[in-house]
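Engineer: So I've got this file, structure34.cif, and it contains mmCIF, C-alpha atoms:
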```cif
data_structure
loop_
_atom_site.group_PDB
_atom_site.id
_atom_site.type_symbol
_atom_site.label_atom_id
_atom_site.label_comp_id
_atom_site.auth_asym_id
_atom_site.auth_seq_id
_atom_site.Cartn_x
_atom_site.Cartn_y
_atom_site.Cartn_z
ATOM 1 C CA MET A 14 205.698 27.520 170.568
ATOM 2 C CA LYS A 15 203.803 24.967 172.562
ATOM 3 C CA PRO A 16 201.403 22.562 170.926
ATOM 4 C CA ASN A 17 197.820 23.641 171.141
ATOM 5 C CA ARG A 18 196.390 21.699 174.042
ATOM 6 C CA LEU A 19 192.715 22.165 173.483
ATOM 7 C CA ALA A 20 191.718 21.696 169.891
ATOM 8 C CA PRO A 21 193.099 21.224 166.428
ATOM 9 C CA MET A 22 193.300 23.775 163.644
ATOM 10 C CA ALA A 23 191.018 26.506 164.900
ATOM 11 C CA ALA A 24 190.414 28.980 162.132
ATOM 12 C CA ASN A 25 188.297 31.558 163.919
ATOM 13 C CA ARG A 26 190.361 34.113 165.804
ATOM 14 C CA THR A 27 187.972 34.134 168.742
ATOM 15 C CA ASN A 28 187.688 30.378 168.874
ATOM 16 C CA GLY A 29 188.354 29.230 172.440
ATOM 17 C CA ALA A 30 190.883 26.709 171.290
ATOM 18 C CA GLU A 31 193.239 29.231 169.759
ATOM 19 C CA HIS A 32 196.043 30.903 171.648
ATOM 20 C CA GLY A 33 197.576 34.321 171.537
ATOM 21 C CA TYR A 34 200.492 35.887 173.355
ATOM 22 C CA TYR A 35 199.928 38.452 176.042
ATOM 23 C CA VAL A 36 202.873 40.857 176.277
ATOM 24 C CA TYR A 37 203.373 42.471 179.685
ATOM 25 C CA ALA A 38 206.567 44.415 179.359
ATOM 26 C CA ILE A 39 209.852 44.870 177.566
ATOM 27 C CA ALA A 40 213.089 44.526 179.496
ATOM 28 C CA GLY A 41 216.739 45.095 178.718
ATOM 29 C CA THR A 42 217.951 41.879 180.268
ATOM 30 C CA ALA A 43 215.795 38.773 180.525
ATOM 31 C CA PRO A 44 214.229 38.697 183.996
ATOM 32 C CA ARG A 45 214.071 35.354 185.783
ATOM 33 C CA LEU A 46 210.435 34.351 185.719
ATOM 34 C CA GLU A 47 210.356 30.804 187.090
ATOM 35 C CA GLY A 48 207.055 30.034 188.735
ATOM 36 C CA VAL A 49 205.324 33.218 187.529
ATOM 37 C CA ARG A 50 201.861 32.581 186.049
ATOM 38 C CA GLY A 51 200.178 34.721 183.438
ATOM 39 C CA VAL A 52 196.851 36.527 183.400
ATOM 40 C CA ASP A 53 195.033 33.282 182.570
ATOM 41 C CA GLY A 54 196.156 31.976 185.975
ATOM 42 C CA ALA A 55 197.901 28.952 184.516
ATOM 43 C CA SER A 56 200.332 29.594 181.665
ATOM 44 C CA PRO A 57 203.960 30.232 182.595
ATOM 45 C CA VAL A 58 205.411 33.660 181.910
ATOM 46 C CA PHE A 59 208.544 33.596 179.810
ATOM 47 C CA ALA A 60 210.930 35.922 177.997
ATOM 48 C CA VAL A 61 211.168 36.288 174.230
ATOM 49 C CA ASP A 62 214.630 37.562 173.349
ATOM 50 C CA ARG A 63 215.890 39.444 170.329
ATOM 51 C CA VAL A 64 218.711 41.948 169.814
ATOM 52 C CA GLY A 65 219.518 42.132 173.525
ATOM 53 C CA LEU A 66 215.943 42.983 174.515
ATOM 54 C CA SER A 67 213.328 40.740 176.121
ATOM 55 C CA ALA A 68 209.570 40.787 175.862
ATOM 56 C CA VAL A 69 207.807 39.343 178.914
ATOM 57 C CA VAL A 70 205.064 37.096 177.555
ATOM 58 C CA SER A 71 202.557 34.364 178.376
ATOM 59 C CA GLU A 72 200.125 32.326 176.315
ATOM 60 C CA VAL A 73 196.439 33.233 176.588
ATOM 61 C CA PRO A 74 193.378 31.528 175.136
ATOM 62 C CA LEU A 75 191.810 33.796 172.521
ATOM 63 C CA GLY A 76 188.405 32.520 173.591
ATOM 64 C CA GLU A 77 188.936 34.708 176.643
ATOM 65 C CA PHE A 78 191.385 37.306 175.335
ATOM 66 C CA GLY A 79 190.470 37.663 171.657
ATOM 67 C CA GLU A 80 189.192 41.007 170.445
ATOM 68 C CA GLU A 81 185.462 40.377 170.893
ATOM 69 C CA ALA A 82 185.826 38.323 174.066
ATOM 70 C CA LEU A 83 188.090 40.914 175.645
ATOM 71 C CA LYS A 84 185.682 43.769 174.911
ATOM 72 C CA GLU A 85 182.898 41.888 176.654
ATOM 73 C CA ARG A 86 184.964 40.836 179.637
ATOM 74 C CA LEU A 87 186.419 44.282 180.226
ATOM 75 C CA GLU A 88 182.965 45.269 181.354
ATOM 76 C CA GLN A 89 182.779 42.502 183.946
ATOM 77 C CA LEU A 90 184.358 43.932 187.081
ATOM 78 C CA PRO A 91 185.283 40.674 188.866
ATOM 79 C CA TRP A 92 187.005 39.398 185.699
ATOM 80 C CA LEU A 93 188.759 42.715 185.178
ATOM 81 C CA GLU A 94 189.913 42.921 188.772
ATOM 82 C CA GLU A 95 191.406 39.439 188.668
ATOM 83 C CA LYS A 96 193.215 40.164 185.405
ATOM 84 C CA VAL A 97 194.593 43.616 186.231
ATOM 85 C CA ARG A 98 195.899 42.289 189.541
ATOM 86 C CA ALA A 99 197.485 39.319 187.782
ATOM 87 C CA HIS A 100 199.012 41.621 185.154
ATOM 88 C CA GLU A 101 200.401 43.910 187.851
ATOM 89 C CA GLU A 102 201.789 40.908 189.747
ATOM 90 C CA VAL A 103 203.732 39.787 186.662
ATOM 91 C CA LEU A 104 205.118 43.297 186.203
ATOM 92 C CA GLU A 105 206.154 43.545 189.827
ATOM 93 C CA ARG A 106 208.019 40.262 189.598
ATOM 94 C CA ALA A 107 209.767 41.375 186.418
ATOM 95 C CA ALA A 108 210.480 44.889 187.731
ATOM 96 C CA GLY A 109 212.080 43.363 190.820
ATOM 97 C CA GLU A 110 214.696 41.870 188.507
ATOM 98 C CA THR A 111 215.422 44.570 185.949
ATOM 99 C CA ALA A 112 214.238 47.845 184.399
ATOM 100 C CA ILE A 113 211.044 47.317 182.409
ATOM 101 C CA LEU A 114 208.814 49.212 180.015
ATOM 102 C CA PRO A 115 205.260 48.296 181.049
ATOM 103 C CA LEU A 116 202.842 47.718 178.182
ATOM 104 C CA ARG A 117 199.190 48.713 178.197
ATOM 105 C CA PHE A 118 196.813 46.097 179.623
ATOM 106 C CA GLY A 119 195.526 43.773 176.925
ATOM 107 C CA THR A 120 198.431 43.882 174.464
ATOM 108 C CA ILE A 121 197.974 40.547 172.720
ATOM 109 C CA TYR A 122 199.684 39.119 169.641
ATOM 110 C CA ARG A 123 198.561 36.179 167.580
ATOM 111 C CA SER A 124 202.086 34.805 167.285
ATOM 112 C CA LEU A 125 205.560 35.457 168.675
ATOM 113 C CA GLU A 126 207.318 36.475 165.488
ATOM 114 C CA PRO A 127 205.798 39.993 165.369
ATOM 115 C CA VAL A 128 206.909 40.443 168.984
ATOM 116 C CA ARG A 129 210.516 39.636 168.014
ATOM 117 C CA GLU A 130 210.205 41.918 164.991
ATOM 118 C CA LEU A 131 208.994 44.732 167.224
ATOM 119 C CA LEU A 132 212.067 44.376 169.457
ATOM 120 C CA GLU A 133 214.332 44.373 166.437
ATOM 121 C CA ARG A 134 212.717 47.243 164.557
ATOM 122 C CA ARG A 135 212.359 49.517 167.591
ATOM 123 C CA ARG A 136 215.534 48.477 169.363
ATOM 124 C CA GLU A 137 217.046 51.939 169.579
ATOM 125 C CA ALA A 138 213.996 53.683 171.025
ATOM 126 C CA LEU A 139 213.257 50.827 173.437
ATOM 127 C CA SER A 140 216.852 50.655 174.674
ATOM 128 C CA ALA A 141 216.992 54.430 175.148
ATOM 129 C CA ALA A 142 213.751 54.406 177.147
ATOM 130 C CA LEU A 143 214.976 51.507 179.275
ATOM 131 C CA SER A 144 218.269 53.154 180.145
ATOM 132 C CA GLN A 145 216.403 56.339 181.027
ATOM 133 C CA LEU A 146 214.134 54.420 183.416
ATOM 134 C CA ASN A 147 216.898 52.313 184.909
ATOM 135 C CA GLY A 148 217.022 52.559 188.711
ATOM 136 C CA LYS A 149 213.807 54.605 188.919
ATOM 137 C CA ARG A 150 210.370 53.702 190.198
ATOM 138 C CA GLU A 151 206.977 55.342 189.980
ATOM 139 C CA TRP A 152 205.025 56.483 193.039
ATOM 140 C CA GLY A 153 201.474 57.749 193.149
ATOM 141 C CA VAL A 154 200.247 60.451 195.506
ATOM 142 C CA THR A 155 196.646 61.548 195.940
ATOM 143 C CA ALA A 156 195.325 64.184 198.310
ATOM 144 C CA THR A 157 191.897 64.605 199.825
ATOM 145 C CA PHE A 158 190.682 67.074 202.410
ATOM 146 C CA ASP A 159 188.127 67.371 205.146
ATOM 147 C CA ARG A 160 186.005 70.341 204.095
ATOM 148 C CA LYS A 161 184.820 71.179 207.611
ATOM 149 C CA ARG A 162 188.334 71.391 208.998
ATOM 150 C CA LEU A 163 189.531 73.428 206.058
ATOM 151 C CA GLU A 164 186.674 75.914 206.439
ATOM 152 C CA GLN A 165 187.325 76.156 210.170
ATOM 153 C CA ALA A 166 190.934 76.991 209.381
ATOM 154 C CA VAL A 167 189.948 79.947 207.230
ATOM 155 C CA GLU A 168 187.096 81.116 209.455
ATOM 156 C CA ASN A 169 187.345 84.849 209.886
ATOM 157 C CA GLY A 170 187.448 85.718 213.557
ATOM 158 C CA ASP A 171 185.579 88.977 213.073
ATOM 159 C CA ALA A 172 182.333 87.305 211.975
ATOM 160 C CA ALA A 173 180.676 88.175 215.280
ATOM 161 C CA SER A 174 181.715 91.825 215.105
ATOM 162 C CA ALA A 175 180.527 92.066 211.490
ATOM 163 C CA LEU A 176 177.050 91.016 212.625
ATOM 164 C CA GLU A 177 176.956 93.254 215.684
ATOM 165 C CA GLY A 178 174.261 95.929 215.711
ATOM 166 C CA LYS A 179 172.734 94.725 212.432
ATOM 167 C CA SER A 180 169.019 94.251 211.911
ATOM 168 C CA PRO A 181 167.940 90.589 211.555
ATOM 169 C CA GLY A 182 167.569 91.014 207.786
ATOM 170 C CA ASN A 183 170.938 92.649 207.400
ATOM 171 C CA ALA A 184 172.576 90.098 209.655
ATOM 172 C CA PHE A 185 171.119 87.292 207.512
ATOM 173 C CA PHE A 186 172.663 88.663 204.314
ATOM 174 C CA THR A 187 175.951 89.443 206.025
ATOM 175 C CA ARG A 188 176.094 85.886 207.362
ATOM 176 C CA LYS A 189 175.402 84.497 203.870
ATOM 177 C CA ARG A 190 178.137 86.677 202.397
ATOM 178 C CA LEU A 191 180.639 85.560 205.050
ATOM 179 C CA GLU A 192 179.764 81.923 204.370
ATOM 180 C CA ARG A 193 180.341 82.364 200.660
ATOM 181 C CA GLU A 194 183.649 84.104 201.259
ATOM 182 C CA ARG A 195 184.728 81.325 203.568
ATOM 183 C CA GLU A 196 183.927 78.671 200.954
ATOM 184 C CA ASP A 197 185.853 80.600 198.291
ATOM 185 C CA GLN A 198 188.812 81.013 200.609
ATOM 186 C CA ALA A 199 188.726 77.340 201.522
ATOM 187 C CA ARG A 200 188.684 76.341 197.844
ATOM 188 C CA ALA A 201 191.560 78.680 197.029
ATOM 189 C CA LEU A 202 193.554 77.421 199.997
ATOM 190 C CA ALA A 203 192.970 73.775 199.020
ATOM 191 C CA ALA A 204 194.125 74.477 195.459
ATOM 192 C CA ARG A 205 197.222 76.285 196.724
ATOM 193 C CA LEU A 206 198.142 73.515 199.188
ATOM 194 C CA ALA A 207 197.740 70.888 196.446
ATOM 195 C CA ALA A 208 199.848 72.895 193.983
ATOM 196 C CA ASP A 209 202.572 73.444 196.606
ATOM 197 C CA ALA A 210 202.595 69.748 197.468
ATOM 198 C CA HIS A 211 202.976 68.772 193.819
ATOM 199 C CA LEU A 212 205.838 71.223 193.273
ATOM 200 C CA ARG A 213 207.621 70.012 196.391
ATOM 201 C CA LEU A 214 207.309 66.347 195.280
ATOM 202 C CA ALA A 215 208.191 67.111 191.656
ATOM 203 C CA ALA A 216 211.367 68.852 192.846
ATOM 204 C CA VAL A 217 212.707 65.589 194.292
ATOM 205 C CA SER A 218 211.571 63.437 191.332
ATOM 206 C CA GLU A 219 213.168 62.745 187.976
ATOM 207 C CA GLU A 220 209.842 63.292 186.243
ATOM 208 C CA SER A 221 206.333 64.028 187.399
ATOM 209 C CA LEU A 222 202.811 64.135 186.070
ATOM 210 C CA ARG A 223 199.787 65.797 187.631
ATOM 211 C CA GLU A 224 196.365 64.829 186.388
ATOM 212 C CA ASP A 225 193.597 67.320 185.731
ATOM 213 C CA GLY A 226 190.289 67.131 187.479
ATOM 214 C CA ALA A 227 191.422 65.996 190.920
ATOM 215 C CA LEU A 228 192.627 68.053 193.871
ATOM 216 C CA LEU A 229 195.949 66.221 193.652
ATOM 217 C CA LYS A 230 196.543 63.052 191.723
ATOM 218 C CA GLY A 231 200.204 62.906 190.859
ATOM 219 C CA SER A 232 202.672 60.339 189.553
ATOM 220 C CA TYR A 233 206.342 60.711 190.367
ATOM 221 C CA LEU A 234 209.299 58.933 188.847
ATOM 222 C CA VAL A 235 211.844 58.699 191.643
ATOM 223 C CA ASP A 236 215.428 57.494 191.586
ATOM 224 C CA ARG A 237 215.805 54.564 193.983
ATOM 225 C CA ALA A 238 218.672 56.370 195.681
ATOM 226 C CA ARG A 239 216.354 59.314 196.366
ATOM 227 C CA GLU A 240 213.321 57.445 197.667
ATOM 228 C CA GLN A 241 213.979 58.487 201.259
ATOM 229 C CA VAL A 242 214.276 62.108 200.134
ATOM 230 C CA PHE A 243 210.924 61.722 198.353
ATOM 231 C CA ARG A 244 209.311 60.228 201.452
ATOM 232 C CA ASP A 245 210.709 63.025 203.599
ATOM 233 C CA ALA A 246 209.244 65.589 201.191
ATOM 234 C CA LEU A 247 205.876 63.825 201.341
ATOM 235 C CA ASN A 248 205.951 63.797 205.148
ATOM 236 C CA GLU A 249 206.724 67.501 205.026
ATOM 237 C CA VAL A 250 203.761 68.363 202.806
ATOM 238 C CA ALA A 251 201.548 66.053 204.868
ATOM 239 C CA SER A 252 202.477 67.924 208.054
ATOM 240 C CA ALA A 253 201.908 71.257 206.321
ATOM 241 C CA GLY A 254 198.457 70.127 205.169
ATOM 242 C CA ASP A 255 197.367 68.423 208.371
ATOM 243 C CA PRO A 256 195.998 71.545 210.150
ATOM 244 C CA TYR A 257 193.755 72.079 207.116
ATOM 245 C CA GLY A 258 192.350 68.551 207.105
ATOM 246 C CA PHE A 259 194.523 67.455 204.168
ATOM 247 C CA ARG A 260 195.270 63.759 203.856
ATOM 248 C CA PHE A 261 197.804 62.274 201.461
ATOM 249 C CA GLU A 262 197.866 58.742 200.179
ATOM 250 C CA LEU A 263 200.969 57.125 198.711
ATOM 251 C CA THR A 264 200.839 54.122 196.372
ATOM 252 C CA GLY A 265 203.708 52.241 194.806
ATOM 253 C CA PRO A 266 206.288 51.447 193.860
ATOM 254 C CA TRP A 267 204.711 51.049 190.438
ATOM 255 C CA PRO A 268 206.353 50.087 187.180
ATOM 256 C CA PRO A 269 206.831 53.377 185.315
ATOM 257 C CA TYR A 270 203.378 53.323 183.656
ATOM 258 C CA SER A 271 203.018 57.088 183.584
ATOM 259 C CA PHE A 272 206.374 57.791 181.986
ATOM 260 C CA VAL A 273 206.315 55.726 178.824
ATOM 261 C CA GLY A 274 204.668 56.499 175.517
ATOM 262 C CA SER A 275 203.694 54.768 172.316
ATOM 263 C CA VAL A 276 205.603 52.440 170.064
ATOM 264 C CA THR A 277 204.672 51.893 166.477
ATOM 265 C CA GLY A 278 204.801 48.176 165.866
ATOM 266 C CA MET B 56 193.020 34.798 193.095
ATOM 267 C CA THR B 57 194.677 33.885 196.357
ATOM 268 C CA SER B 58 195.131 36.183 199.295
ATOM 269 C CA THR B 59 198.913 36.049 198.956
ATOM 270 C CA GLN B 60 198.611 37.692 195.530
ATOM 271 C CA LEU B 61 196.495 40.433 197.050
ATOM 272 C CA GLU B 62 199.180 41.126 199.624
ATOM 273 C CA ALA B 63 201.886 41.272 196.999
ATOM 274 C CA THR B 64 200.175 44.220 195.349
ATOM 275 C CA ASP B 65 199.475 45.784 198.756
ATOM 276 C CA ASN B 66 195.815 45.434 197.872
ATOM 277 C CA VAL B 67 195.705 48.823 196.193
ATOM 278 C CA ALA B 68 192.320 50.075 195.079
ATOM 279 C CA LEU B 69 191.155 48.656 191.776
ATOM 280 C CA VAL B 70 190.652 52.162 190.464
ATOM 281 C CA GLU B 71 194.365 52.934 190.995
ATOM 282 C CA LEU B 72 195.294 49.823 189.015
ATOM 283 C CA VAL B 73 192.851 50.547 186.215
ATOM 284 C CA ASP B 74 194.055 54.155 185.976
ATOM 285 C CA ARG B 75 197.540 52.878 185.278
ATOM 286 C CA LEU B 76 197.100 49.560 183.465
ATOM 287 C CA LEU B 77 194.310 50.611 181.119
ATOM 288 C CA ALA B 78 195.124 54.269 180.636
ATOM 289 C CA LYS B 79 198.911 54.260 180.678
ATOM 290 C CA GLY B 80 201.812 52.029 179.728
ATOM 291 C CA VAL B 81 203.402 51.600 176.337
ATOM 292 C CA VAL B 82 200.852 51.390 173.562
ATOM 293 C CA VAL B 83 201.936 49.205 170.685
ATOM 294 C CA TYR B 84 200.338 49.900 167.353
ATOM 295 C CA GLY B 85 200.562 47.196 164.750
ATOM 296 C CA ASP B 86 200.081 43.471 164.917
ATOM 297 C CA VAL B 87 198.061 43.303 168.104
ATOM 298 C CA THR B 88 194.689 41.562 168.127
ATOM 299 C CA ILE B 89 192.655 44.343 169.720
ATOM 300 C CA ALA B 90 192.532 47.944 168.571
ATOM 301 C CA VAL B 91 193.982 50.184 171.255
ATOM 302 C CA ALA B 92 191.334 52.835 170.623
ATOM 303 C CA ASP B 93 188.705 50.352 171.798
ATOM 304 C CA ILE B 94 190.427 49.941 175.140
ATOM 305 C CA ASP B 95 190.624 53.709 175.523
ATOM 306 C CA LEU B 96 186.872 53.979 175.019
ATOM 307 C CA ILE B 97 186.161 51.181 177.451
ATOM 308 C CA GLN B 98 188.432 52.810 179.985
ATOM 309 C CA VAL B 99 186.492 56.061 179.954
ATOM 310 C CA GLY B 100 183.225 54.330 180.850
ATOM 311 C CA LEU B 101 184.886 52.008 183.301
ATOM 312 C CA ARG B 102 186.591 54.774 185.238
ATOM 313 C CA ALA B 103 183.257 56.376 186.030
ATOM 314 C CA LEU B 104 181.761 53.024 186.989
ATOM 315 C CA LEU B 105 184.661 52.142 189.285
ATOM 316 C CA SER B 106 184.608 55.483 191.042
ATOM 317 C CA SER B 107 180.966 55.037 191.931
ATOM 318 C CA VAL B 108 181.453 51.417 193.010
ATOM 319 C CA GLU B 109 184.363 52.272 195.279
ATOM 320 C CA THR B 110 182.534 55.215 196.764
ATOM 321 C CA LEU B 111 179.686 52.902 197.667
ATOM 322 C CA GLU B 112 182.065 50.384 199.187
ATOM 323 C CA ARG B 113 183.660 52.994 201.396
ATOM 324 C CA GLU B 114 180.400 54.107 202.897
ATOM 325 C CA PRO B 115 179.665 52.462 206.248
#
```
Kindly transcribe the structure held in the file into structure tokens.
Structural biologist:
Amino acid sequence: MKPNRLAPMAANRTNGAEHGYYVYAIAGTAPRLEGVRGVDGASPVFAVDRVGLSAVVSEVPLGEFGEEALKERLEQLPWLEEKVRAHEEVLERAAGETAILPLRFGTIYRSLEPVRELLERRREALSAALSQLNGKREWGVTATFDRKRLEQAVENGDAASALEGKSPGNAFFTRKRLEREREDQARALAARLAADAHLRLAAVSEESLREDGALLKGSYLVDRAREQVFRDALNEVASAGDPYGFRFELTGPWPPYSFVGSVTG
Amino acid sequence: MTSTQLEATDNVALVELVDRLLAKGVVVYGDVTIAVADIDLIQVGLRALLSSVETLEREP
């Protein structure tokens, strides 16, 4: 542990002079991290080793990252943006070297010994998870659609004939009914296209996760050797969706955030 | 933050990052300084805030 640079003997846990340890990830073999800076923008990132596992760590001032301080700052968007991007940058550097288990943003310990104890106590589960994730990366896919184009695609061609010979009042209600039917059809078609796309992508992934509440917001754990197959599948579903105004967005590669769970320290 | 760091993360939308970094990843219970449940609560409010901010930014 480094000497405290700022102040002596701080007793208060949120005192700006005290330091904690921000843990980014756990890796099977120590990644090389020369020149990588932590979320505070200054402290070097280093590996803490125990029982053949490494925790990727950097020092952080508790004045900024202590419990109370962190709660306040999480609500400040510019601060949050800087820190999540810095956190992600550290993970990307580490993931470029070896398989990693990404930890939740803001995992901070007051000293390094509990971090070593965690590695030791949970060695089996951590090692098993790491070997399962080895050689795989996470990709994100979201879909959006252009409602006008989708509704045009389902437009029933016989609308004109359905209105023919009707009184103005009747024609009005018929037109309303046709509009409603078209919207329902468009919604059903959008849901079906999104479900098909997810199934197609999941079929070429090791694991997949589709979130509720969005048309398509999926995470896919893909073997590196199958990334081209995954991209081909995505191009396929994109072409299939294009006539209906569907647009797909791919993000990644991500560390496998969506495919790890909880660890009891 | 420098622009080179932005490029390294492909400048993905903040909301994509927050969805993963604050809502996913290994959660360690135990000796950590901040209760994980607190972050979960913050994340719920933040997600809504970010969505509205990014929607505004995308409008011409």
Engineer: For the PyMOL selection byres ((chain A and resi 39) around 10), applied here, can you spell out every residue it catches as number ranges by chain?
Structural biologist: A: 36-38, 40-44, 60-62, 66-70, 104, 107, 112-116, 132, 139-140, 143; B: 81
Engineer: Report as a list in words the full result of the PyMOL selection byres ((chain A) within 7 of (chain B)) when it is applied to this structure.
Structural biologist: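 This file, filtered by the PyMOL selection byres ((chain A) within 7 of (chain B)), leaves Gly79, Glu80, Glu94, Glu95, Val97, Glu102, Leu114, Pro115, Leu116, Arg117, Phe118, Thr120, Ile121, Tyr122, Arg123, Pro127, Tyr270, Ser271, Val273, Gly274, Ser275, Val276, Thr277 and Gly278 of chain A.
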Engineer: Check which residues satisfy the PyMOL selection byres ((chain A and resi 224-240) around 7) in the file shown, then give them as a list of chain:residue names.
Structural biologist: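 Taken on the displayed file, the PyMOL selection byres ((chain A and resi 224-240) around 7) yields the residues A:Gly148, A:Lys149, A:Arg150, A:Glu151, A:Trp152, A:Gly153, A:Val154, A:Thr155, A:Ala156, A:Thr157, A:Ala204, A:Ala207, A:Ala215, A:Ser218, A:Glu219, A:Glu220, A:Ser221, A:Leu222, A:Arg223, A:Gln241, A:Val242, A:Phe243, A:Arg244, A:Ser271.
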Engineer: Give me the residues within 8 Å of Pro57 in chain A as an MDAnalysis selection string, counting only C-alpha atoms and dropping any in the same chain fewer than 4 places off.
Structural biologist: chainID A and resid 47:51 71:72
Engineer: Rounded to one decimal, what separation in Å do you get between CA of Tyr35 in chain A and CA of Ala138 in chain A?
Structural biologist: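 So the two atoms, CA of Tyr35 in chain A and CA of Ala138 in chain A, lie 21.3 Å apart.
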Engineer: If I take CA of Phe59 in chain A and CA of Arg98 in chain A, how far is one from the other in Å, to one decimal?
Structural biologist: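 Computed distance, CA of Phe59 in chain A to CA of Arg98 in chain A, equals 18.2 Å.
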Engineer: Using all atoms listed in the file, find the one residue out of A:Glu262, A:Asp255, A:Glu105, A:Asp209 that sits nearest to Leu163 in chain A.
Structural biologist: A:Asp255
Engineer: Please indicate the distance in Å from CA of Trp267 in chain A to CA of His32 in chain A, rounded to one decimal place.
Structural biologist: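 Taking CA of Trp267 in chain A and CA of His32 in chain A, their separation equals 28.9 Å.
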